[in-house]
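Colleague: One structure coming up, written as structure tokens, with questions to follow.
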Amino acid sequence: MAQAGTLPTLDLQAGAAAFDRDIPRVLALVGATSLVALGWSRPNRLTLLVPMRAVDARGTVEEFLLRLGFEAYPAWPPSAQFVNPSTKTFMSPQDRCFIPKLTSQECHTHAAYGETGIQLICCSATREFYEVLHSVEARYVWSDRNTFYSTIVAIERAMAESYQGRFTADGR
Amino acid sequence: MSIGNEVGGEPPLEKAVEDLEHALSDEQLADALGTKAKREVADALHEIEEAERVTVHVIHVDEVEKASFQESIHKMLDQVWAKSYDELHIAREADDIFQTDSKPPKSLMSYLGLTLKQAKEQRVIEDYRFGIVSKTGGA
């Protein structure tokens, strides 16, 4: 079970199994027949790629790619990182421009968080949030009822409501 | 008798309902019209009620549950949200958020006083698909 102030523990077998289990549940929930129908892809058993969009102040649609990792799922939320759509990976600092600036109270992005320097989607529905030992009220801690779709929806809502453009290579 | 939604120069449905209800309650008129006419008025009222009902679809993101139900377009979003829990058989949590079930989702927390009809007319919602999610911590 996820707990604030505790580092997530990885369990790849459990993660892949839970991901297998939850895919059909989520597809049924959203009324889709496949991951492809949603524009999502699963390059390996522990990874889900989810395209995301945001609209900037001038009305321009910006495209991003979110990569979810299921190495500690479902006890902990999926890892969530915005990645370079060409390489499907994130290399700092050159790929910082592929991170959207999100400034919601529920979901705030950092191109290089604190001393760790990692990309952080600061939201209690991402694994990195717990890996940096971020403080959080108990009521917001990831629970066993959550699925990866909770993570996607939390980030999507922040993309819609608090998008402030892209980060630059220097992290601003 | 066929009565549809507001189209072109037809009078508003609310006025039509008022007129029909008035007619239905007028005993003298009902007698004069006879049973058949009275039934037609009742059928017309029913038709209007049906025309003002829509199918609401709601998902609970965290519980991975969904439900659909009929609702009057004159119900406020707050009432639709409350009814959603009954239909889903899920208890409401203090930090839940009511939002559109769209890509991207849009919080409806600032629009809970609008009726379904008003929300649609003001383009707050595009359809009658909604989602309930738990708030997350962050910042």
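Chain labels follow the order of the structure tokens: the first chain is A, the next B, and so on; residue numbering restarts at 1 in every chain, and ligands are counted from 1 in their shown order.
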Quick one: which residues from chain A are at most 7 Å off chain B, using only C-alpha atoms, as JSON, numbers by chain?
Modeller: {"A": [25, 26, 29, 104, 105, 106, 107, 108, 122, 123, 124, 125, 136, 140, 145, 146, 147, 149, 150, 156, 157, 160]}
Colleague: Compile the contact shell of Ala111 of chain A as a PyMOL selection string: residues with an atom at most 12 Å away, counting only C-alpha atoms, same-chain residues fewer than 6 positions apart removed.
Modeller: chain A and resi 81-83+90-102+117-122+166-172
Colleague: Based on the selection just made, write N, CA and C atoms of those residues as a short mmCIF file (atom, residue, chain, number, x, y, z; two decimals), in the first residue's frame.
Modeller:
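part_25.cif was written with the following content:
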```cif
data_model
loop_
_atom_site.label_atom_id
_atom_site.label_comp_id
_atom_site.auth_asym_id
_atom_site.auth_seq_id
_atom_site.Cartn_x
_atom_site.Cartn_y
_atom_site.Cartn_z
N GLN A 81 6.03 10.16 -16.81
CA GLN A 81 7.03 11.09 -17.35
C GLN A 81 6.60 11.52 -18.75
N PHE A 82 6.79 12.78 -19.04
CA PHE A 82 6.63 13.23 -20.42
C PHE A 82 7.92 12.92 -21.16
N VAL A 83 7.78 12.38 -22.35
CA VAL A 83 8.96 11.93 -23.08
C VAL A 83 9.02 12.56 -24.47
N PHE A 90 13.20 10.15 -22.02
CA PHE A 90 13.44 11.51 -21.58
C PHE A 90 14.89 11.67 -21.17
N MET A 91 15.59 12.57 -21.84
CA MET A 91 16.99 12.86 -21.53
C MET A 91 17.05 14.34 -21.13
N SER A 92 17.63 14.56 -19.95
CA SER A 92 17.72 15.95 -19.48
C SER A 92 19.12 16.49 -19.76
N PRO A 93 19.26 17.72 -20.22
CA PRO A 93 18.21 18.72 -20.35
C PRO A 93 17.58 18.81 -21.74
N GLN A 94 18.10 18.07 -22.72
CA GLN A 94 17.67 18.33 -24.11
C GLN A 94 16.18 18.05 -24.37
N ASP A 95 15.57 17.18 -23.55
CA ASP A 95 14.17 16.85 -23.79
C ASP A 95 13.19 17.64 -22.92
N ARG A 96 13.70 18.63 -22.24
CA ARG A 96 12.81 19.39 -21.35
C ARG A 96 11.69 20.10 -22.11
N CYS A 97 11.94 20.39 -23.38
CA CYS A 97 10.90 21.07 -24.16
C CYS A 97 9.70 20.17 -24.43
N PHE A 98 9.81 18.90 -24.07
CA PHE A 98 8.68 17.98 -24.26
C PHE A 98 7.83 17.86 -23.00
N ILE A 99 8.16 18.68 -22.01
CA ILE A 99 7.38 18.69 -20.76
C ILE A 99 6.47 19.93 -20.77
N PRO A 100 5.19 19.71 -20.54
CA PRO A 100 4.28 20.88 -20.45
C PRO A 100 4.42 21.51 -19.06
N LYS A 101 4.33 22.82 -19.02
CA LYS A 101 4.29 23.51 -17.72
C LYS A 101 2.87 23.45 -17.21
N LEU A 102 2.67 22.72 -16.13
CA LEU A 102 1.35 22.61 -15.51
C LEU A 102 1.43 23.20 -14.12
N GLY A 117 16.97 16.65 -9.41
CA GLY A 117 17.05 17.07 -10.81
C GLY A 117 16.16 16.28 -11.75
N ILE A 118 15.27 15.44 -11.19
CA ILE A 118 14.43 14.61 -12.07
C ILE A 118 13.24 15.40 -12.57
N GLN A 119 12.66 14.91 -13.66
CA GLN A 119 11.38 15.47 -14.11
C GLN A 119 10.33 14.98 -13.10
N LEU A 120 9.54 15.89 -12.60
CA LEU A 120 8.52 15.49 -11.63
C LEU A 120 7.15 16.03 -12.03
N ILE A 121 6.21 15.11 -12.22
CA ILE A 121 4.81 15.50 -12.32
C ILE A 121 4.29 15.40 -10.90
N CYS A 122 4.25 16.56 -10.28
CA CYS A 122 3.98 16.61 -8.84
C CYS A 122 2.49 16.42 -8.60
N ARG A 166 5.54 25.30 -22.85
CA ARG A 166 6.56 24.25 -22.69
C ARG A 166 7.72 24.76 -21.85
N PHE A 167 8.43 23.82 -21.23
CA PHE A 167 9.67 24.18 -20.57
C PHE A 167 10.74 24.43 -21.63
N THR A 168 11.72 25.21 -21.25
CA THR A 168 12.86 25.41 -22.13
C THR A 168 14.01 24.52 -21.63
N ALA A 169 15.07 24.45 -22.42
CA ALA A 169 16.18 23.55 -22.08
C ALA A 169 16.80 23.89 -20.73
N ASP A 170 16.72 25.16 -20.32
CA ASP A 170 17.31 25.52 -19.02
C ASP A 170 16.31 25.29 -17.88
N GLY A 171 15.20 24.66 -18.19
CA GLY A 171 14.25 24.28 -17.13
C GLY A 171 13.27 25.36 -16.75
N ARG A 172 13.25 26.46 -17.49
CA ARG A 172 12.31 27.54 -17.16
C ARG A 172 11.08 27.48 -18.06
#
```
Colleague: Identify, on the basis of only C-alpha atoms, every residue whose closest approach to Glu52 of chain B does not exceed 8 Å; exclude the query and any residue fewer than 4 positions from it along the same chain; express the result as a ChimeraX atom specification.
Modeller: /B:5,48,72-74
Colleague: Would you list, as an NGL selection string, the residues of chain B that end up in strand (DSSP E) under DSSP run on this structure's backbone?
Modeller: :B and (53-60 or 65-72 or 96-100 or 129-134)
Colleague: So how many Å separate atom CA of Tyr111 of chain B and atom CA of Phe130 of chain B, to one decimal?
Modeller: 13.1 Å
Colleague: Which value, in Å to one decimal, gives the distance between atom CA of Ile152 of chain A and atom CA of Gly113 of chain B?
Modeller: 27.7 Å
Colleague: For Pro78 of chain A, list every protein, DNA or RNA residue within 8 Å, evaluated using only C-alpha atoms, and leave out those in the same chain fewer than 2 positions away; present the list as a list in words.
Modeller: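 Surrounding residues, per the criterion: Leu68, Gly69, Phe70, Glu71, Ala72, Tyr73, Pro74, Trp76, Ala80, Ala125, Thr126, Arg127, Phe148 and Thr151 of chain A.
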Colleague: Env of Val80 of chain B: 10 Å cut, atoms = only C-alpha atoms, seq-sep filter 3 positions within chain, self excluded. Answer as a list in words.
Modeller: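 Contacts, in chain order: Val56, Val58, Phe69, Glu71, Ser72, Ile73, Lys75, Met76, Leu77, Lys83, Ser84, Tyr85, Phe98, Leu112, Thr115, Leu116 and Phe130 of chain B.
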Colleague: Those selected residues, please, written with N, CA and C atoms and delivered as a PDB file, in the first residue's frame.
Modeller:
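Final file, out-v3.pdb:
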```pdb
ATOM      1  N   VAL B  56     -28.255  10.455 -19.225  1.00  0.00           N
ATOM      2  CA  VAL B  56     -26.987  10.883 -18.624  1.00  0.00           C
ATOM      3  C   VAL B  56     -26.086   9.662 -18.464  1.00  0.00           C
ATOM      4  N   VAL B  58     -22.502   8.478 -16.697  1.00  0.00           N
ATOM      5  CA  VAL B  58     -21.519   8.921 -15.713  1.00  0.00           C
ATOM      6  C   VAL B  58     -20.537   7.794 -15.414  1.00  0.00           C
ATOM      7  N   PHE B  69     -28.574   6.903 -16.830  1.00  0.00           N
ATOM      8  CA  PHE B  69     -29.933   7.084 -16.333  1.00  0.00           C
ATOM      9  C   PHE B  69     -30.592   8.260 -17.048  1.00  0.00           C
ATOM     10  N   GLU B  71     -32.734  11.726 -17.139  1.00  0.00           N
ATOM     11  CA  GLU B  71     -32.835  12.882 -16.263  1.00  0.00           C
ATOM     12  C   GLU B  71     -33.470  14.046 -17.006  1.00  0.00           C
ATOM     13  N   SER B  72     -34.202  14.871 -16.284  1.00  0.00           N
ATOM     14  CA  SER B  72     -34.818  16.058 -16.885  1.00  0.00           C
ATOM     15  C   SER B  72     -33.735  17.091 -17.201  1.00  0.00           C
ATOM     16  N   ILE B  73     -33.889  17.773 -18.311  1.00  0.00           N
ATOM     17  CA  ILE B  73     -32.903  18.789 -18.676  1.00  0.00           C
ATOM     18  C   ILE B  73     -33.000  20.008 -17.762  1.00  0.00           C
ATOM     19  N   LYS B  75     -32.897  19.705 -14.454  1.00  0.00           N
ATOM     20  CA  LYS B  75     -32.162  19.404 -13.222  1.00  0.00           C
ATOM     21  C   LYS B  75     -30.813  20.109 -13.245  1.00  0.00           C
ATOM     22  N   MET B  76     -30.413  20.575 -12.080  1.00  0.00           N
ATOM     23  CA  MET B  76     -29.114  21.250 -11.982  1.00  0.00           C
ATOM     24  C   MET B  76     -27.991  20.212 -11.967  1.00  0.00           C
ATOM     25  N   LEU B  77     -26.810  20.647 -12.388  1.00  0.00           N
ATOM     26  CA  LEU B  77     -25.661  19.738 -12.415  1.00  0.00           C
ATOM     27  C   LEU B  77     -25.407  19.154 -11.031  1.00  0.00           C
ATOM     28  N   LYS B  83     -27.361  12.431  -7.907  1.00  0.00           N
ATOM     29  CA  LYS B  83     -28.066  11.230  -8.353  1.00  0.00           C
ATOM     30  C   LYS B  83     -27.090  10.183  -8.898  1.00  0.00           C
ATOM     31  N   SER B  84     -25.983  10.665  -9.446  1.00  0.00           N
ATOM     32  CA  SER B  84     -24.996   9.751 -10.024  1.00  0.00           C
ATOM     33  C   SER B  84     -24.495   8.747  -8.991  1.00  0.00           C
ATOM     34  N   TYR B  85     -24.310   9.204  -7.758  1.00  0.00           N
ATOM     35  CA  TYR B  85     -23.835   8.290  -6.711  1.00  0.00           C
ATOM     36  C   TYR B  85     -24.849   7.175  -6.456  1.00  0.00           C
ATOM     37  N   PHE B  98     -16.694  16.754  -9.801  1.00  0.00           N
ATOM     38  CA  PHE B  98     -17.611  16.429 -10.901  1.00  0.00           C
ATOM     39  C   PHE B  98     -17.065  17.106 -12.155  1.00  0.00           C
ATOM     40  N   LEU B 112     -22.112  24.153 -10.945  1.00  0.00           N
ATOM     41  CA  LEU B 112     -23.070  23.192 -10.384  1.00  0.00           C
ATOM     42  C   LEU B 112     -24.484  23.739 -10.293  1.00  0.00           C
ATOM     43  N   THR B 115     -28.588  24.278 -14.892  1.00  0.00           N
ATOM     44  CA  THR B 115     -29.338  23.076 -15.280  1.00  0.00           C
ATOM     45  C   THR B 115     -28.611  22.429 -16.457  1.00  0.00           C
ATOM     46  N   LEU B 116     -28.986  21.200 -16.739  1.00  0.00           N
ATOM     47  CA  LEU B 116     -28.394  20.523 -17.900  1.00  0.00           C
ATOM     48  C   LEU B 116     -28.635  21.359 -19.160  1.00  0.00           C
ATOM     49  N   PHE B 130     -20.526  12.483 -18.026  1.00  0.00           N
ATOM     50  CA  PHE B 130     -19.847  13.083 -16.885  1.00  0.00           C
ATOM     51  C   PHE B 130     -18.907  12.095 -16.207  1.00  0.00           C
TER      52      PHE B 130
END
```
